[in-house]
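File shown: my_file-v3.cif (mmCIF, C-alpha atoms).
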```cif
data_target
#
loop_
_atom_site.label_atom_id
_atom_site.label_comp_id
_atom_site.auth_asym_id
_atom_site.auth_seq_id
_atom_site.Cartn_x
_atom_site.Cartn_y
_atom_site.Cartn_z
CA MET U 1 39.22 68.97 105.52
CA ASN U 2 41.92 67.05 107.31
CA SER U 3 45.38 68.30 108.07
CA SER U 4 47.05 66.34 105.28
CA THR U 5 45.39 68.64 102.74
CA PHE U 6 47.00 71.78 104.18
CA ASP U 7 50.11 73.16 102.57
CA PHE U 8 52.63 73.76 105.35
CA SER U 9 55.77 73.96 103.24
CA THR U 10 58.02 76.96 103.81
CA PRO U 11 57.30 79.47 101.02
CA ASP U 12 60.07 80.59 98.68
CA LEU U 13 60.51 84.34 98.37
CA GLY U 14 61.10 84.19 94.62
CA PRO U 15 63.61 86.09 92.45
CA GLU U 16 62.12 89.60 92.68
CA SER U 17 62.16 89.67 96.49
CA ASN U 18 65.67 88.26 96.52
CA LYS U 19 66.81 91.24 94.44
CA LEU U 20 65.86 93.47 97.39
CA LYS U 21 67.94 91.35 99.80
CA ASP U 22 69.58 93.39 102.60
CA LYS U 23 66.73 95.92 102.46
CA PHE U 24 64.20 93.88 104.43
CA TYR U 25 64.38 91.36 107.27
CA PRO U 26 65.13 87.92 105.83
CA PRO U 27 63.34 84.83 107.19
CA SER U 28 65.29 83.81 110.29
CA GLU U 29 64.98 81.48 113.29
CA ASP U 30 62.23 83.64 114.82
CA THR U 31 60.28 83.58 111.53
CA TYR U 32 60.50 79.79 111.39
CA LEU U 33 59.32 79.41 114.99
CA LEU U 34 56.30 81.55 114.15
CA LEU U 35 55.58 79.44 111.05
CA ASP U 36 55.90 76.26 113.13
CA SER U 37 53.55 77.71 115.75
CA LEU U 38 50.92 78.62 113.17
CA GLU U 39 51.19 75.11 111.75
CA LYS U 40 50.88 73.62 115.23
CA ASP U 41 47.75 75.76 115.84
CA SER U 42 46.27 75.21 112.38
CA PHE U 43 43.24 73.35 113.72
CA ILE U 44 42.47 76.12 116.21
CA ILE U 45 42.85 78.73 113.47
CA HIS U 46 40.70 76.80 110.98
CA LYS U 47 38.01 76.35 113.60
CA LEU U 48 37.91 80.11 114.14
CA ASN U 49 37.27 80.48 110.41
CA PRO U 50 38.97 83.89 110.21
CA LEU U 51 37.68 86.38 107.67
CA ILE U 52 40.23 89.15 108.28
CA SER U 53 43.90 88.33 108.70
CA LEU U 54 46.48 91.00 109.46
CA GLU U 55 50.22 90.69 109.72
CA VAL U 56 51.92 93.70 111.23
CA GLY U 57 55.53 94.11 110.14
CA CYS U 58 55.29 91.68 107.24
CA GLY U 59 58.98 91.92 106.20
CA SER U 60 59.69 89.40 103.45
CA GLY U 61 56.01 88.40 103.28
CA ILE U 62 56.78 84.77 104.10
CA ILE U 63 54.38 84.52 107.06
CA THR U 64 51.43 86.07 105.25
CA THR U 65 52.12 83.80 102.27
CA PHE U 66 52.16 80.80 104.61
CA LEU U 67 48.82 81.89 106.10
CA ALA U 68 47.26 82.49 102.71
CA ARG U 69 48.26 79.01 101.58
CA MET U 70 47.03 77.47 104.82
CA LEU U 71 43.65 79.21 104.92
CA GLY U 72 42.89 79.86 101.26
CA PRO U 73 40.40 82.31 99.75
CA ASN U 74 37.86 82.31 102.62
CA CYS U 75 39.94 85.01 104.27
CA ILE U 76 41.35 88.38 103.22
CA TYR U 77 44.99 89.02 104.07
CA PHE U 78 46.18 92.48 105.05
CA ALA U 79 49.86 93.13 105.71
CA THR U 80 51.62 96.28 106.91
CA ASP U 81 55.23 97.35 107.20
CA ILE U 82 56.89 100.67 107.97
CA ASN U 83 59.69 99.81 105.52
CA HIS U 84 58.81 100.51 101.89
CA TYR U 85 61.17 97.76 100.66
CA ALA U 86 59.54 95.21 102.98
CA CYS U 87 56.17 96.13 101.46
CA LEU U 88 57.63 95.59 97.99
CA ALA U 89 59.22 92.29 99.05
CA THR U 90 55.86 91.14 100.43
CA LYS U 91 54.20 92.10 97.16
CA TYR U 92 56.77 90.11 95.14
CA THR U 93 56.77 87.13 97.51
CA THR U 94 52.99 86.84 97.57
CA GLU U 95 52.74 87.30 93.80
CA TYR U 96 55.43 84.65 93.25
CA ASN U 97 53.36 82.27 95.39
CA LYS U 98 50.11 83.26 93.63
CA CYS U 99 48.57 84.61 96.83
CA SER U 100 46.51 87.78 96.98
CA VAL U 101 47.59 90.05 99.85
CA GLN U 102 46.57 93.65 100.58
CA ILE U 103 49.69 95.60 101.56
CA VAL U 104 49.80 98.97 103.32
CA ASN U 105 53.00 100.91 103.99
CA THR U 106 52.36 102.21 107.49
CA ASP U 107 53.60 102.26 111.08
CA LEU U 108 51.95 99.22 112.75
CA VAL U 109 48.24 99.93 112.15
CA SER U 110 48.40 103.73 111.83
CA ASN U 111 45.77 105.32 109.63
CA THR U 112 43.69 102.18 109.39
CA LYS U 113 40.14 101.62 110.53
CA LEU U 114 40.15 98.14 112.04
CA HIS U 115 38.08 98.50 115.20
CA LYS U 116 37.23 94.99 116.51
CA PHE U 117 37.87 93.87 112.96
CA VAL U 118 40.81 91.48 112.98
CA ASP U 119 40.22 87.73 113.35
CA LEU U 120 43.83 86.64 112.98
CA LEU U 121 46.65 89.00 113.93
CA VAL U 122 50.32 88.06 113.68
CA PHE U 123 53.28 90.16 114.82
CA ASN U 124 56.95 89.29 114.77
CA PRO U 125 58.16 92.51 116.35
CA PRO U 126 61.53 94.24 116.50
CA TYR U 127 62.45 92.49 119.75
CA VAL U 128 66.17 93.17 120.17
CA VAL U 129 67.11 95.21 123.24
CA THR U 130 68.72 98.39 121.91
CA SER U 131 69.16 102.02 122.87
CA GLU U 132 66.13 104.27 122.35
CA VAL U 133 67.84 106.23 119.57
CA GLU U 134 67.91 103.16 117.32
CA VAL U 135 64.10 102.88 117.42
CA GLY U 136 61.86 104.78 115.05
CA GLY U 137 63.50 104.34 111.65
CA CYS U 138 61.83 103.23 108.45
CA GLY U 139 64.63 101.02 107.09
CA ILE U 140 65.73 97.49 107.88
CA GLU U 141 66.71 98.55 111.43
CA ALA U 142 62.95 98.91 112.11
CA SER U 143 62.77 95.11 111.86
CA TRP U 144 64.92 94.48 114.90
CA ALA U 145 65.55 97.60 117.02
CA GLY U 146 63.26 97.22 120.02
CA GLY U 147 64.61 99.79 122.52
CA ALA U 148 64.28 99.18 126.27
CA ASP U 149 63.54 95.50 127.00
CA GLY U 150 63.10 95.15 123.22
CA ARG U 151 59.50 96.12 123.90
CA VAL U 152 59.10 99.73 122.77
CA VAL U 153 57.43 98.94 119.44
CA THR U 154 55.60 95.88 120.78
CA ASN U 155 54.08 97.99 123.57
CA ARG U 156 52.66 100.41 121.03
CA LEU U 157 50.80 97.57 119.35
CA LEU U 158 49.81 95.87 122.63
CA SER U 159 47.91 98.95 123.74
CA GLN U 160 45.77 98.63 120.60
CA ILE U 161 45.11 94.89 120.76
CA PRO U 162 41.82 95.23 122.70
CA ASN U 163 40.56 97.56 119.95
CA LEU U 164 41.80 95.51 117.03
CA LEU U 165 40.71 91.97 117.87
CA SER U 166 37.27 90.86 116.77
CA PRO U 167 35.17 89.04 119.43
CA THR U 168 36.73 85.73 118.39
CA GLY U 169 40.04 87.25 117.25
CA VAL U 170 43.34 85.56 117.97
CA PHE U 171 46.73 87.24 118.20
CA TYR U 172 50.09 85.53 117.71
CA LEU U 173 53.15 87.31 119.07
CA LEU U 174 56.78 86.33 119.06
CA LEU U 175 58.87 87.38 122.05
CA ILE U 176 62.32 86.67 123.45
CA LYS U 177 63.11 86.14 127.11
CA GLN U 178 64.47 89.70 127.50
CA ASN U 179 61.06 91.06 126.41
CA LYS U 180 59.61 89.71 129.70
CA PRO U 181 56.79 87.61 128.20
CA GLU U 182 55.15 87.23 131.62
CA GLU U 183 54.73 91.02 131.83
CA VAL U 184 53.08 91.05 128.39
CA ARG U 185 50.69 88.29 129.47
CA GLU U 186 49.75 90.23 132.62
CA TYR U 187 49.24 93.45 130.65
CA LEU U 188 46.77 91.86 128.22
CA GLU U 189 45.06 89.99 131.05
CA GLY U 190 44.08 93.45 132.30
CA PHE U 191 41.95 93.71 129.16
CA ASP U 192 40.42 90.27 129.69
CA ILE U 193 42.68 88.78 127.04
CA LYS U 194 44.39 85.56 128.02
CA GLY U 195 47.74 84.40 126.70
CA GLU U 196 49.08 80.89 126.19
CA LEU U 197 52.50 79.74 125.14
CA VAL U 198 52.33 77.89 121.82
CA MET U 199 56.02 77.06 121.25
CA GLU U 200 59.45 78.01 122.50
CA ARG U 201 62.90 77.37 121.10
CA ARG U 202 66.51 78.19 121.84
CA ALA U 203 68.33 79.41 118.75
CA ALA U 204 71.94 80.61 119.01
CA ASN U 205 71.89 83.14 121.86
CA GLU U 206 68.13 83.76 121.78
CA HIS U 207 65.33 82.10 123.71
CA LEU U 208 62.27 82.57 121.50
CA PHE U 209 58.61 82.22 122.46
CA VAL U 210 55.36 82.37 120.50
CA TYR U 211 52.22 83.23 122.44
CA ARG U 212 48.58 83.01 121.43
CA TYR U 213 46.24 85.64 122.96
CA GLN U 214 42.44 85.58 122.87
CA ARG U 215 39.58 87.25 124.64
CA ASN U 216 38.49 85.29 127.72
CA LYS U 217 34.89 85.22 126.50
CA CYS U 218 35.89 83.82 123.14
CA VAL U 219 34.30 80.44 122.54
CA TYR U 220 35.66 78.25 119.78
CA MET K 1 45.58 98.68 96.20
CA LYS K 2 42.20 97.01 95.95
CA LEU K 3 39.04 98.88 96.89
CA ILE K 4 38.59 96.58 99.88
CA THR K 5 41.71 98.28 101.29
CA HIS K 6 40.34 101.76 100.60
CA ASN K 7 37.47 100.72 102.89
CA ILE K 8 39.79 100.39 105.90
CA LEU K 9 42.14 103.35 105.43
CA GLN K 10 41.67 106.71 107.09
CA ASN K 11 43.66 109.74 108.21
CA ASN K 12 43.87 109.95 112.00
CA MET K 13 44.27 113.59 112.95
CA LYS K 14 44.77 115.53 116.13
CA ASP K 15 41.73 116.09 118.37
CA GLY K 16 40.72 112.50 117.53
CA LYS K 17 39.31 113.65 114.19
CA LYS K 18 39.22 111.07 111.43
CA GLY K 19 39.53 111.72 107.73
CA TYR K 20 37.25 109.03 106.29
CA PRO K 21 36.54 107.97 103.65
CA LEU K 22 39.65 109.08 101.81
CA VAL K 23 39.26 110.65 98.39
CA LEU K 24 40.70 108.32 95.77
CA GLN K 25 42.41 109.66 92.66
CA ALA K 26 43.72 106.90 90.42
CA THR K 27 46.15 107.55 87.58
CA LYS K 28 46.87 103.91 86.77
CA ILE K 29 44.42 101.06 87.25
CA ASP K 30 44.96 97.38 86.50
CA LYS K 31 42.37 94.64 86.33
CA VAL K 32 43.34 91.39 87.98
CA ILE K 33 41.55 88.08 88.29
CA ALA K 34 40.67 86.80 91.74
CA GLU K 35 38.93 83.56 92.66
CA PHE K 36 35.19 84.12 93.19
CA ASN K 37 34.08 83.09 96.65
CA GLN K 38 30.44 83.69 97.55
CA GLU K 39 30.80 82.72 101.21
CA PHE K 40 33.66 85.17 101.65
CA LEU K 41 31.70 87.99 100.00
CA LEU K 42 28.59 87.44 102.13
CA ARG K 43 30.64 87.47 105.33
CA MET K 44 32.57 90.51 104.12
CA LEU K 45 29.37 92.47 103.49
CA ASP K 46 28.73 92.43 107.26
CA ARG K 47 32.04 94.15 107.96
CA LEU K 48 32.20 96.44 104.96
CA GLU K 49 31.22 100.09 104.73
CA TYR K 50 29.16 99.49 101.61
CA HIS K 51 28.55 103.20 100.94
CA VAL K 52 32.32 103.79 101.01
CA LEU K 53 32.82 101.12 98.35
CA ILE K 54 30.16 102.85 96.22
CA HIS K 55 31.92 106.17 96.78
CA ALA K 56 35.28 104.63 95.76
CA LEU K 57 33.75 103.26 92.55
CA GLU K 58 32.32 106.68 91.74
CA MET K 59 35.73 108.31 92.25
CA ILE K 60 37.38 106.01 89.71
CA GLY K 61 34.60 106.57 87.17
CA MET K 62 32.67 103.37 87.77
CA LYS K 63 29.41 104.91 88.93
CA ASP K 64 26.38 102.62 88.46
CA PHE K 65 28.60 99.54 88.68
CA LEU K 66 26.88 98.55 91.94
CA PRO K 67 23.50 99.74 93.29
CA ILE K 68 23.74 102.62 95.77
CA ILE K 69 21.63 100.69 98.27
CA LEU K 70 22.59 97.13 99.09
CA PRO K 71 19.90 94.94 97.51
CA GLU K 72 17.83 92.63 99.70
CA ASN K 73 18.48 88.93 99.21
CA CYS K 74 21.70 89.90 97.48
CA SER K 75 23.07 86.38 97.94
CA GLU K 76 20.58 85.19 95.31
CA ASP K 77 21.50 87.98 92.92
CA GLU K 78 24.28 86.39 90.90
CA ALA K 79 25.07 89.49 88.83
CA PHE K 80 25.32 91.62 91.96
CA MET K 81 27.65 89.15 93.69
CA LYS K 82 29.91 88.96 90.63
CA ASN K 83 30.12 92.75 90.45
CA LEU K 84 30.76 93.02 94.18
CA HIS K 85 33.59 90.51 93.82
CA HIS K 86 35.06 92.49 90.94
CA ALA K 87 34.74 95.82 92.77
CA LEU K 88 36.39 94.59 95.96
CA LEU K 89 39.15 92.35 94.67
CA GLU K 90 39.80 92.75 90.95
CA ILE K 91 40.29 96.48 90.48
CA ASP K 92 43.90 97.25 91.39
CA ILE K 93 44.93 100.88 91.86
CA ILE K 94 48.59 100.90 90.84
CA GLU K 95 49.33 104.62 90.94
CA GLY K 96 47.38 107.46 92.44
CA GLU K 97 46.61 109.34 95.63
CA LEU K 98 44.44 109.05 98.68
CA ILE K 99 43.42 112.46 99.95
CA CYS K 100 42.14 113.28 103.43
CA PRO K 101 38.68 114.88 103.08
CA GLU K 102 39.31 117.05 106.17
CA SER K 103 42.89 118.27 105.83
CA GLY K 104 43.69 117.67 102.16
CA ARG K 105 46.77 115.65 103.22
CA LYS K 106 47.80 113.40 100.33
CA PHE K 107 48.92 109.80 100.68
CA PRO K 108 50.59 108.42 97.54
CA ILE K 109 49.83 105.03 96.01
CA LYS K 110 52.85 103.60 94.19
CA ASP K 111 53.47 100.11 92.84
CA GLY K 112 49.97 99.31 94.06
CA ILE K 113 50.89 100.06 97.67
CA PRO K 114 49.36 102.99 99.59
CA ASN K 115 51.85 104.90 101.74
CA MET K 116 50.02 105.94 104.92
CA LEU K 117 53.16 106.98 106.85
CA LEU K 118 53.03 110.28 108.67
CA THR K 119 56.00 112.58 109.18
CA ASP K 120 57.40 112.80 112.72
CA GLU K 121 55.75 116.20 113.14
CA GLU K 122 52.35 114.89 112.06
CA GLU K 123 52.74 111.96 114.41
CA MET K 124 53.41 114.28 117.35
CA ALA K 125 50.18 116.09 116.55
CA VAL K 126 48.04 112.96 116.52
CA ASP K 127 46.50 112.05 119.84
CA SER K 128 48.23 108.74 120.20
CA GLU K 129 46.80 105.73 121.99
CA PRO K 130 47.83 105.57 125.63
CA LYS K 131 51.20 103.89 125.69
CA SER K 132 51.46 100.84 127.86
CA LYS K 133 54.01 101.18 130.68
#
```
As structure tokens, please, write out the structure in this file.
Amino acid sequence: MNSSTFDFSTPDLGPESNKLKDKFYPPSEDTYLLLDSLEKDSFIIHKLNPLISLEVGCGSGIITTFLARMLGPNCIYFATDINHYACLATKYTTEYNKCSVQIVNTDLVSNTKLHKFVDLLVFNPPYVVTSEVEVGGCGIEASWAGGADGRVVTNRLLSQIPNLLSPTGVFYLLLIKQNKPEEVREYLEGFDIKGELVMERRAANEHLFVYRYQRNKCVY
Amino acid sequence: MKLITHNILQNNMKDGKKGYPLVLQATKIDKVIAEFNQEFLLRMLDRLEYHVLIHALEMIGMKDFLPIILPENCSEDEAFMKNLHHALLEIDIIEGELICPESGRKFPIKDGIPNMLLTDEEEMAVDSEPKSK
């Protein structure tokens, strides 16, 4: 397969998802940087031949749809969101694009059994620096409110990354400058997981980064 | 919710206890068509709790649909592979409940989506992963 056969177009959400507008996080600059990063890394991802894909905080479902179109039926796509409407939007968006995605309404990966299971993990977290009281909701605010350093929710997932990633698993994470990406890299390095910057972009008042993390021993 | 998802859901309780596999009660089931992919199924078998899939089939009244013990050389057994494909990816639980076998806690399935969210109080009781920082 060469790259010209991959479908990298930006998926449409479709009419049903658009009816739920304002109830889930719409595709934004950060979403597009993540899509561009996955496209840029498509050869690396294809080479890993992932079987289990998981998007945490799937929002509109656009990223999971993009992955499903890029990787096809050799992989199963799980997607979680704490917001019920985001789960519904993901269902509608993936159905509209004729992709099969397994959606679970949960907090990050709570109540799942995914020990060393995930080959491709993607997280566009609530990264905005906010007060602590704004964190912890189940509505659209859960898509952006990140608490101190915009890292409160991200940190909860980071602590589980060593348990979630399969031996060859790869983890894509979007961060902004205020999230202190270097600190995240150092934290995961403590678990023998190395991080590399895939892309960065300045959009309005945000400096966005997408990192790829993998176990040091991973050979691909 | 496909049965492949039932395979990876559990109830994490305090004291590190796990409610797994979850009891499945389906009140509305749809059949969907998914693209058959032998390579995917063979790789998935390595990661799947096969007995949990069998259990899930039993709970929705599809006992005997797959053999209780995974057959040897199953990759050459076309009928088995087709049934495995159907069981994992084509049975869609639209409405129903997942019930923790330890605590009886019920998790609703609505619009085909299982709701595994805990209340704040339940979350406090769960021994959470060590928080970073």
Could you build a table of the residues in chain K lying no more than 7 Å from chain U, giving for each the nearest pair of atoms and their separation in Å rounded to one decimal place, using only C-alpha atoms, ordered by chain and ascending residue number, as CSV?
```
residue,atom,partner,partner_atom,distance
K:Met1,CA,U:Gln102,CA,6.7
K:Thr5,CA,U:Gln102,CA,6.7
K:Ile8,CA,U:Lys113,CA,4.8
K:Leu9,CA,U:Thr112,CA,4.4
K:Gln10,CA,U:Asn111,CA,5.0
K:Asn11,CA,U:Asn111,CA,5.1
K:Asn12,CA,U:Asn111,CA,5.5
K:Phe40,CA,U:Asn74,CA,5.2
K:Ile113,CA,U:Val104,CA,5.9
K:Pro114,CA,U:Val104,CA,5.5
K:Asn115,CA,U:Asn105,CA,4.7
K:Met116,CA,U:Thr106,CA,5.1
K:Leu117,CA,U:Thr106,CA,4.9
K:Pro130,CA,U:Ser159,CA,6.9
K:Lys131,CA,U:Arg156,CA,6.0
K:Ser132,CA,U:Ser159,CA,5.8
```
Considering all atoms listed in the file, state which residue in the set U:Leu165, U:Ile44, U:Val210, U:Leu38 is at the smallest distance from Gly195 (chain U).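 Result for the nearest residue to Gly195 (chain U): U:Val210.
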If the PyMOL selection byres ((chain U and resi 119) around 9) is run on the structure shown, which residues does it catch, given as number ranges by chain? U: 48-54, 116-118, 120-121, 164-171
Nearest residue to Ile29 (chain K) from the set K:Arg47, K:His55, K:Lys2, K:Arg105 (distances using all atoms listed in the file):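 Answer, going by the shortest atom-to-atom distance: K:Lys2.
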Residues in the PyMOL selection byres ((chain K and resi 79-89) around 9), expressed as number ranges by chain: U: 100; K: 2-5, 31-38, 41-42, 53, 57, 65-67, 71, 74-78, 90-92
Could you give me, as a PyMOL selection string, the residues within 10 Å of Asn97 (chain U), counting only C-alpha atoms and dropping anything in the same chain fewer than 5 positions from it? chain U and resi 11-14+62+65-66+68-69+92
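Nearest to Ala56 (chain K) of all the residues K:Val126, K:Ile68, K:Lys110, K:Met13 is K:Ile68, counting all atoms listed in the file.
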First collect every listed atom of region 92-97 of chain K; then fit an axis-aligned box around them, widen it by 3 Å on each side, and give centre and edge lengths in Å to one decimal, as AutoDock Vina command-line options.
```
--center_x 46.6 --center_y 103.3 --center_z 93.2 --size_x 11.4 --size_y 18.1 --size_z 10.8
```
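Across U:Thr10, U:Ser131, U:Asn216, U:Thr64, the tightest approach to Leu188 (chain U) is made by U:Asn216 when counting all atoms listed in the file.
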Evaluate the PyMOL selection byres ((chain K and resi 21) around 7) against this structure - the residues, as a list in words, please.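 Written out, the selection comes to Gln10, Gly19, Tyr20, Leu22, Val23 and Val52 of chain K.
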Atoms kept (C-alpha atoms) for selection, written as a PDB file, in the coordinates of the input:
```pdb
ATOM      1  CA  GLN K  10      41.670 106.710 107.090  1.00  0.00           C
ATOM      2  CA  GLY K  19      39.530 111.720 107.730  1.00  0.00           C
ATOM      3  CA  TYR K  20      37.250 109.030 106.290  1.00  0.00           C
ATOM      4  CA  LEU K  22      39.650 109.080 101.810  1.00  0.00           C
ATOM      5  CA  VAL K  23      39.260 110.650  98.390  1.00  0.00           C
ATOM      6  CA  VAL K  52      32.320 103.790 101.010  1.00  0.00           C
TER       7      VAL K  52
END
```
Can you work out the spacing between CA of Leu34 (chain U) and CA of Leu173 (chain U) in Å, to one decimal? 8.2 Å
Using Å and a single decimal, report how far CA of Val135 (chain U) sits from CA of Ala125 (chain K).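 Separating CA of Ala125 (chain K) from CA of Val135 (chain U) is a distance of 19.2 Å.
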Using CA of Lys194 (chain U) and CA of Pro27 (chain U) as the two end points, give the distance in Å to one decimal.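 Computed distance, CA of Lys194 (chain U) to CA of Pro27 (chain U), equals 28.2 Å.
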Calculated over all atoms listed in the file, which of the candidates K:Glu39, K:Asp30, K:Asp15, K:Asp120 has the smallest distance to Ile93 (chain K)?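 Looking at the shortest contact to Ile93 (chain K), the residue is K:Asp30.
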